[in-house]
Amino acid sequence: MSFKNKILRALIATVAFATAAATHAAGPELRLDKAPLQFDNASLQHGAKLFINYCLNCHSASYLRYNRLQEIGLSDQQIKDNLLFTADKVGDLMTVGMRPAEAKQWFGAAPPDLTVIARSRASHYGSGADWLYTYLRQFYRDTNRPTGWNNVVFENVGMPHALWDLQGEQVAHFVEREDGHGGKAKHLERLEIVKAGKMPKEEYDEAVADLVSFITWMGEPSQHNRKLIGGWVLAILAVLGVLTYLLKRSIWKDLH
């Protein structure tokens with residue numbers, strides 16, 4: 001066998017292996033709902049309140065300091081009075097007191113840091129924000145799970161439904177369908193609220209949208225300023241381009 005043929009066969013084997021690995025890793029197809037993100041101060045402040053009250057008990061956001069919340073319209077005093085539960089100063093990082101070893105024992109795995117979770121969950125199914133928005137709305141009761149909860153997006157997740165008192169309790173109805181490989185796969189037919197929470201469905205969806213908006217903002221707090229500066233830079237370059245073109249015409253006019 002020639003060296004060229006060996007290289008060709010090796011490339012084919014590598015591509016086949018990578019394709020098979022990607023197919024295995026992808027698992028069943030995810031159906032993600034589009035996250036209706038809002039980055040105005042009111043939405044981000046509401047999201048910050050939900051995050052600190054419901055998420056920061058177990059999950060940290062250790063790449064963000066409390067004083068960055070000034071960028072969404074909160075003063076130091078407002079942060080101290082309403083949001084500073086796990087730290088002493090507004091300059092502290094958003095960390096939690098739970099030890100990773102204890103968390104692993106209680107939940108099966110240590111809860112991940114959420115600072116950049118919206119970016120890390122992005123896939124060809126949708127953005128990380130879409131994943132979070134769908135995930136936080138698709139918990140359902142499952143008596144077979146240690147926490148009593150399961151999730152359509154993240155099957156057999158170790159996390160309990162932290163927002164259940166707001167959403168209420170759901171049950172999932174599944175049907176079995178052909179999976180295209182000679183077997184059958186479980187597909188979600190519908191989710192049904194069997195015990196009402198503090199919020200009706202529309203209000204809960206809006207609250208989750210605000211929470212996901214804040215988590216998305218948290219991954220890059222300077223995103224708005226970056227886009228604003230980028231817009232101004234492009235506008236200035238456009239003006240300079242026009243002026244340069246007019247200068248070039250004026251110079252070449254005199255030369256001709």
# chains A, B, ... in the order shown; residues from 1 in each chain; ligands from 1

call {"tool": "residues_around", "arguments": {"residues": "Gly158 in chain A", "least_positions_apart": "6", "cutoff": "10 Å", "atoms": "only C-alpha atoms", "output": "list in words"}}
result
Lys104, Trp106, Phe107, Gly108, Ala109, Ala110, Pro111, Arg145, Pro146, Thr147, Gly148, Trp149, Asn150 and Asn151 of chain A

call {"tool": "closest_atom_pairs", "arguments": {"of": "range 74-163 of chain A", "to": "range 42-65 of chain A", "cutoff": "9 Å", "atoms": "only C-alpha atoms", "output": "JSON lines"}}
result
{"residue": "A:Leu74", "atom": "CA", "partner": "A:Gln45", "partner_atom": "CA", "distance": 7.8}
{"residue": "A:Asn82", "atom": "CA", "partner": "A:Lys49", "partner_atom": "CA", "distance": 8.2}
{"residue": "A:Leu83", "atom": "CA", "partner": "A:Ile52", "partner_atom": "CA", "distance": 6.7}
{"residue": "A:Leu84", "atom": "CA", "partner": "A:Ile52", "partner_atom": "CA", "distance": 8.5}
{"residue": "A:Phe85", "atom": "CA", "partner": "A:Ile52", "partner_atom": "CA", "distance": 8.2}
{"residue": "A:Thr86", "atom": "CA", "partner": "A:Leu56", "partner_atom": "CA", "distance": 8.3}
{"residue": "A:Val90", "atom": "CA", "partner": "A:Arg65", "partner_atom": "CA", "distance": 7.1}
{"residue": "A:Gly91", "atom": "CA", "partner": "A:Arg65", "partner_atom": "CA", "distance": 5.7}
{"residue": "A:Asp92", "atom": "CA", "partner": "A:Arg65", "partner_atom": "CA", "distance": 5.4}
{"residue": "A:Leu93", "atom": "CA", "partner": "A:Arg65", "partner_atom": "CA", "distance": 4.2}
{"residue": "A:Met94", "atom": "CA", "partner": "A:Ala61", "partner_atom": "CA", "distance": 5.0}
{"residue": "A:Thr95", "atom": "CA", "partner": "A:Ser60", "partner_atom": "CA", "distance": 4.7}
{"residue": "A:Val96", "atom": "CA", "partner": "A:Ser60", "partner_atom": "CA", "distance": 5.5}
{"residue": "A:Gly97", "atom": "CA", "partner": "A:Asn57", "partner_atom": "CA", "distance": 8.3}
{"residue": "A:Met98", "atom": "CA", "partner": "A:Cys58", "partner_atom": "CA", "distance": 6.7}
{"residue": "A:Ala103", "atom": "CA", "partner": "A:Cys58", "partner_atom": "CA", "distance": 8.0}
{"residue": "A:Ala110", "atom": "CA", "partner": "A:His59", "partner_atom": "CA", "distance": 8.8}
{"residue": "A:Pro111", "atom": "CA", "partner": "A:His59", "partner_atom": "CA", "distance": 5.6}
{"residue": "A:Pro112", "atom": "CA", "partner": "A:His59", "partner_atom": "CA", "distance": 6.2}
{"residue": "A:Asp113", "atom": "CA", "partner": "A:Ser60", "partner_atom": "CA", "distance": 4.9}
{"residue": "A:Leu114", "atom": "CA", "partner": "A:Ala61", "partner_atom": "CA", "distance": 5.2}
{"residue": "A:Thr115", "atom": "CA", "partner": "A:Ala61", "partner_atom": "CA", "distance": 4.6}
{"residue": "A:Val116", "atom": "CA", "partner": "A:Ala61", "partner_atom": "CA", "distance": 8.3}
{"residue": "A:Ala162", "atom": "CA", "partner": "A:Tyr54", "partner_atom": "CA", "distance": 6.3}
{"residue": "A:Leu163", "atom": "CA", "partner": "A:Tyr54", "partner_atom": "CA", "distance": 7.0}

call {"tool": "write_last_selection", "arguments": {"atoms": "C-alpha atoms", "output": "compact mmCIF listing (two decimals), in the first residue's frame"}}
result
# COMPACT_ATOMS: atom_id res chain seq x y z
CA LEU A 74 -28.27 49.77 41.38
CA ASN A 82 -31.35 43.94 49.16
CA LEU A 83 -28.79 41.61 47.60
CA LEU A 84 -25.77 41.22 49.87
CA PHE A 85 -26.59 37.93 51.62
CA THR A 86 -23.46 35.83 51.04
CA VAL A 90 -20.08 45.12 47.56
CA GLY A 91 -16.60 44.56 46.17
CA ASP A 92 -16.70 40.86 47.05
CA LEU A 93 -17.12 38.11 44.50
CA MET A 94 -20.44 36.25 44.19
CA THR A 95 -19.37 33.06 45.91
CA VAL A 96 -21.24 30.57 48.10
CA GLY A 97 -20.34 28.96 51.39
CA MET A 98 -21.21 25.44 50.27
CA ALA A 103 -22.41 19.55 47.29
CA ALA A 110 -20.88 19.99 42.59
CA PRO A 111 -23.18 22.73 41.19
CA PRO A 112 -21.31 24.56 38.40
CA ASP A 113 -20.30 28.19 38.50
CA LEU A 114 -22.88 30.18 36.51
CA THR A 115 -20.87 33.22 35.46
CA VAL A 116 -20.43 32.05 31.87
CA ALA A 162 -35.30 25.72 42.76
CA LEU A 163 -38.17 27.80 41.33

call {"tool": "select_by_dssp", "arguments": {"residues": "range 17-184 of chain A", "states": "strand (DSSP E or B)", "output": "PyMOL selection string"}}
result
chain A and resi 61-65+93-94+123+126+139-141+149-151+168-178+184

call {"tool": "write_last_selection", "arguments": {"atoms": "C-alpha atoms", "output": "mmCIF file, in the first residue's frame"}}
result
data_model
loop_
_atom_site.group_PDB
_atom_site.id
_atom_site.type_symbol
_atom_site.label_atom_id
_atom_site.label_comp_id
_atom_site.auth_asym_id
_atom_site.auth_seq_id
_atom_site.Cartn_x
_atom_site.Cartn_y
_atom_site.Cartn_z
ATOM 1 C CA ALA A 61 -20.811 33.399 40.080
ATOM 2 C CA SER A 62 -17.220 33.750 41.179
ATOM 3 C CA TYR A 63 -16.035 35.825 38.202
ATOM 4 C CA LEU A 64 -18.422 38.670 39.030
ATOM 5 C CA ARG A 65 -18.340 41.169 41.896
ATOM 6 C CA LEU A 93 -17.116 38.109 44.496
ATOM 7 C CA MET A 94 -20.439 36.253 44.190
ATOM 8 C CA SER A 123 -24.898 24.490 20.624
ATOM 9 C CA GLY A 126 -29.719 27.103 19.980
ATOM 10 C CA PHE A 139 -38.810 20.587 35.382
ATOM 11 C CA TYR A 140 -41.355 17.923 36.281
ATOM 12 C CA ARG A 141 -42.120 15.656 39.221
ATOM 13 C CA TRP A 149 -37.552 16.217 40.163
ATOM 14 C CA ASN A 150 -36.423 15.571 36.604
ATOM 15 C CA ASN A 151 -36.008 17.744 33.536
ATOM 16 C CA GLY A 168 -45.835 25.114 40.707
ATOM 17 C CA GLU A 169 -45.530 21.384 40.083
ATOM 18 C CA GLN A 170 -45.588 19.862 36.607
ATOM 19 C CA VAL A 171 -45.978 16.300 35.421
ATOM 20 C CA ALA A 172 -44.639 15.139 32.070
ATOM 21 C CA HIS A 173 -46.539 12.968 29.612
ATOM 22 C CA PHE A 174 -44.291 10.979 27.268
ATOM 23 C CA VAL A 175 -44.967 8.793 24.229
ATOM 24 C CA GLU A 176 -42.707 6.211 22.594
ATOM 25 C CA ARG A 177 -41.831 6.612 18.927
ATOM 26 C CA GLU A 178 -39.504 4.938 16.473
ATOM 27 C CA LYS A 184 -38.029 3.245 20.317
#

call {"tool": "select_by_dssp", "arguments": {"residues": "range 14-143 of chain A", "states": "alpha helix (DSSP H)", "output": "NGL selection string"}}
result
:A and (14-26 or 41-50 or 76-82 or 100-107 or 117-120 or 128-135)

call {"tool": "write_last_selection", "arguments": {"atoms": "C-alpha atoms", "output": "short mmCIF file (atom, residue, chain, number, x, y, z; two decimals), in the first residue's frame"}}
result
data_model
loop_
_atom_site.label_atom_id
_atom_site.label_comp_id
_atom_site.auth_asym_id
_atom_site.auth_seq_id
_atom_site.Cartn_x
_atom_site.Cartn_y
_atom_site.Cartn_z
CA THR A 14 -10.47 9.87 11.62
CA VAL A 15 -13.51 11.53 10.02
CA ALA A 16 -15.65 8.44 10.65
CA PHE A 17 -14.58 8.30 14.29
CA ALA A 18 -15.23 12.01 14.81
CA THR A 19 -18.67 11.73 13.19
CA ALA A 20 -19.60 8.77 15.35
CA ALA A 21 -18.38 10.52 18.49
CA ALA A 22 -20.32 13.66 17.65
CA THR A 23 -23.47 11.66 17.00
CA HIS A 24 -23.09 9.82 20.30
CA ALA A 25 -22.42 13.03 22.21
CA ALA A 26 -25.34 14.84 20.66
CA ASN A 41 -32.26 47.87 33.74
CA ALA A 42 -35.68 46.85 35.08
CA SER A 43 -35.44 43.34 33.58
CA LEU A 44 -31.82 42.87 34.68
CA GLN A 45 -32.56 44.07 38.22
CA HIS A 46 -35.47 41.62 38.48
CA GLY A 47 -33.23 38.88 37.11
CA ALA A 48 -30.50 39.75 39.62
CA LYS A 49 -33.01 39.52 42.47
CA LEU A 50 -34.16 36.07 41.32
CA ASP A 76 -24.09 50.45 46.60
CA GLN A 77 -26.72 51.00 49.27
CA GLN A 78 -29.40 49.14 47.29
CA ILE A 79 -27.00 46.24 46.78
CA LYS A 80 -26.18 46.15 50.51
CA ASP A 81 -29.79 46.36 51.64
CA ASN A 82 -31.35 43.94 49.16
CA PRO A 100 -17.73 21.28 46.75
CA ALA A 101 -17.34 17.95 48.58
CA GLU A 102 -20.62 18.45 50.45
CA ALA A 103 -22.41 19.55 47.29
CA LYS A 104 -21.20 16.44 45.46
CA GLN A 105 -22.47 14.26 48.29
CA TRP A 106 -25.89 15.93 48.33
CA PHE A 107 -26.50 16.37 44.59
CA ILE A 117 -23.00 29.24 31.76
CA ALA A 118 -25.06 31.01 29.08
CA ARG A 119 -22.05 30.97 26.77
CA SER A 120 -20.94 27.42 27.54
CA GLY A 128 -27.01 29.07 25.76
CA ALA A 129 -29.78 31.49 26.73
CA ASP A 130 -32.30 29.35 24.80
CA TRP A 131 -31.06 26.27 26.68
CA LEU A 132 -31.41 27.94 30.08
CA TYR A 133 -34.83 29.41 29.27
CA THR A 134 -36.18 26.02 28.22
CA TYR A 135 -34.45 24.14 31.04
#

call {"tool": "atom_distance", "arguments": {"atom1": "CA of Pro36 in chain A", "atom2": "CA of Pro200 in chain A"}}
result
17.6 Å

call {"tool": "closest_residue", "arguments": {"among": "A:Asp142, A:Glu189, A:Asp210, A:Glu202", "to": "His161 in chain A", "atoms": "only C-alpha atoms"}}
result
A:Asp142

call {"tool": "residues_around", "arguments": {"residues": "Gln167 in chain A", "least_positions_apart": "5", "cutoff": "12 Å", "atoms": "only C-alpha atoms", "output": "list in words"}}
result
Leu136, Arg137, Gln138, Phe139, Tyr140, His161, Ala162, Glu192, Ile193, Val194, Lys195, Ala196, Gly197, Lys198, Met199, Pro200, Lys201, Glu202, Glu203, Tyr204, Asp205, Glu206, Ala207 and Val208 of chain A

call {"tool": "write_last_selection", "arguments": {"atoms": "N, CA, C and O atoms", "output": "tab-separated table (two decimals), in the first residue's frame"}}
result
chain	number	residue	atom	x	y	z
A	136	LEU	N	-35.23	25.85	32.59
A	136	LEU	CA	-35.85	26.34	33.82
A	136	LEU	C	-37.38	26.29	33.77
A	136	LEU	O	-38.03	26.50	34.80
A	137	ARG	N	-37.94	25.98	32.62
A	137	ARG	CA	-39.40	25.88	32.49
A	137	ARG	C	-39.86	24.44	32.27
A	137	ARG	O	-41.06	24.20	32.11
A	138	GLN	N	-38.93	23.48	32.26
A	138	GLN	CA	-39.31	22.10	31.95
A	138	GLN	C	-38.91	21.10	33.03
A	138	GLN	O	-38.61	19.95	32.75
A	139	PHE	N	-38.93	21.53	34.27
A	139	PHE	CA	-38.81	20.59	35.38
A	139	PHE	C	-40.16	19.89	35.58
A	139	PHE	O	-41.22	20.50	35.39
A	140	TYR	N	-40.11	18.64	35.98
A	140	TYR	CA	-41.36	17.92	36.28
A	140	TYR	C	-41.12	16.94	37.42
A	140	TYR	O	-39.98	16.53	37.69
A	161	HIS	N	-35.74	21.42	41.54
A	161	HIS	CA	-36.37	22.57	40.89
A	161	HIS	C	-36.40	23.73	41.88
A	161	HIS	O	-37.32	23.83	42.71
A	162	ALA	N	-35.43	24.63	41.79
A	162	ALA	CA	-35.30	25.72	42.76
A	162	ALA	C	-36.46	26.70	42.68
A	162	ALA	O	-36.79	27.36	43.67
A	192	GLU	N	-47.86	19.28	32.15
A	192	GLU	CA	-49.14	19.71	32.73
A	192	GLU	C	-48.91	20.17	34.18
A	192	GLU	O	-48.32	19.46	34.98
A	193	ILE	N	-49.37	21.38	34.48
A	193	ILE	CA	-49.32	21.89	35.85
A	193	ILE	C	-50.39	21.19	36.67
A	193	ILE	O	-51.58	21.25	36.35
A	194	VAL	N	-49.99	20.50	37.74
A	194	VAL	CA	-50.95	19.80	38.59
A	194	VAL	C	-51.11	20.49	39.95
A	194	VAL	O	-52.04	20.19	40.70
A	195	LYS	N	-50.18	21.38	40.26
A	195	LYS	CA	-50.28	22.16	41.49
A	195	LYS	C	-49.77	23.56	41.19
A	195	LYS	O	-48.61	23.75	40.84
A	196	ALA	N	-50.65	24.54	41.33
A	196	ALA	CA	-50.30	25.90	40.95
A	196	ALA	C	-49.25	26.49	41.88
A	196	ALA	O	-49.19	26.17	43.07
A	197	GLY	N	-48.39	27.33	41.30
A	197	GLY	CA	-47.41	28.05	42.08
A	197	GLY	C	-47.86	29.47	42.36
A	197	GLY	O	-49.04	29.82	42.17
A	198	LYS	N	-46.94	30.31	42.78
A	198	LYS	CA	-47.26	31.70	43.09
A	198	LYS	C	-47.54	32.52	41.84
A	198	LYS	O	-48.18	33.58	41.93
A	199	MET	N	-47.03	32.06	40.71
A	199	MET	CA	-47.18	32.82	39.46
A	199	MET	C	-47.97	32.04	38.44
A	199	MET	O	-47.76	30.82	38.31
A	200	PRO	N	-48.84	32.69	37.68
A	200	PRO	CA	-49.42	32.02	36.51
A	200	PRO	C	-48.35	31.78	35.45
A	200	PRO	O	-47.26	32.36	35.52
A	201	LYS	N	-48.64	30.93	34.47
A	201	LYS	CA	-47.63	30.51	33.49
A	201	LYS	C	-46.97	31.70	32.80
A	201	LYS	O	-45.74	31.74	32.66
A	202	GLU	N	-47.75	32.67	32.33
A	202	GLU	CA	-47.19	33.79	31.58
A	202	GLU	C	-46.24	34.61	32.45
A	202	GLU	O	-45.16	35.02	32.00
A	203	GLU	N	-46.62	34.82	33.71
A	203	GLU	CA	-45.77	35.59	34.60
A	203	GLU	C	-44.50	34.83	34.93
A	203	GLU	O	-43.41	35.42	35.02
A	204	TYR	N	-44.62	33.52	35.11
A	204	TYR	CA	-43.43	32.72	35.39
A	204	TYR	C	-42.47	32.74	34.21
A	204	TYR	O	-41.26	32.87	34.38
A	205	ASP	N	-43.00	32.61	32.99
A	205	ASP	CA	-42.15	32.65	31.80
A	205	ASP	C	-41.40	33.98	31.70
A	205	ASP	O	-40.22	34.03	31.33
A	206	GLU	N	-42.09	35.09	32.05
A	206	GLU	CA	-41.45	36.40	32.02
A	206	GLU	C	-40.35	36.49	33.09
A	206	GLU	O	-39.29	37.07	32.85
A	207	ALA	N	-40.62	35.91	34.26
A	207	ALA	CA	-39.61	35.92	35.33
A	207	ALA	C	-38.38	35.12	34.91
A	207	ALA	O	-37.24	35.55	35.14
A	208	VAL	N	-38.59	33.96	34.29
A	208	VAL	CA	-37.46	33.16	33.82
A	208	VAL	C	-36.69	33.91	32.74
A	208	VAL	O	-35.46	33.87	32.70

call {"tool": "atom_distance", "arguments": {"atom1": "CA of Ser213 in chain A", "atom2": "CA of Gln38 in chain A"}}
result
6.0 Å

call {"tool": "atom_distance", "arguments": {"atom1": "CA of Leu247 in chain A", "atom2": "CA of Ala235 in chain A"}}
result
18.4 Å

call {"tool": "closest_residue", "arguments": {"among": "A:His181, A:Arg121, A:Arg68, A:Lys89", "to": "Leu32 in chain A", "atoms": "only C-alpha atoms"}}
result
A:Arg121
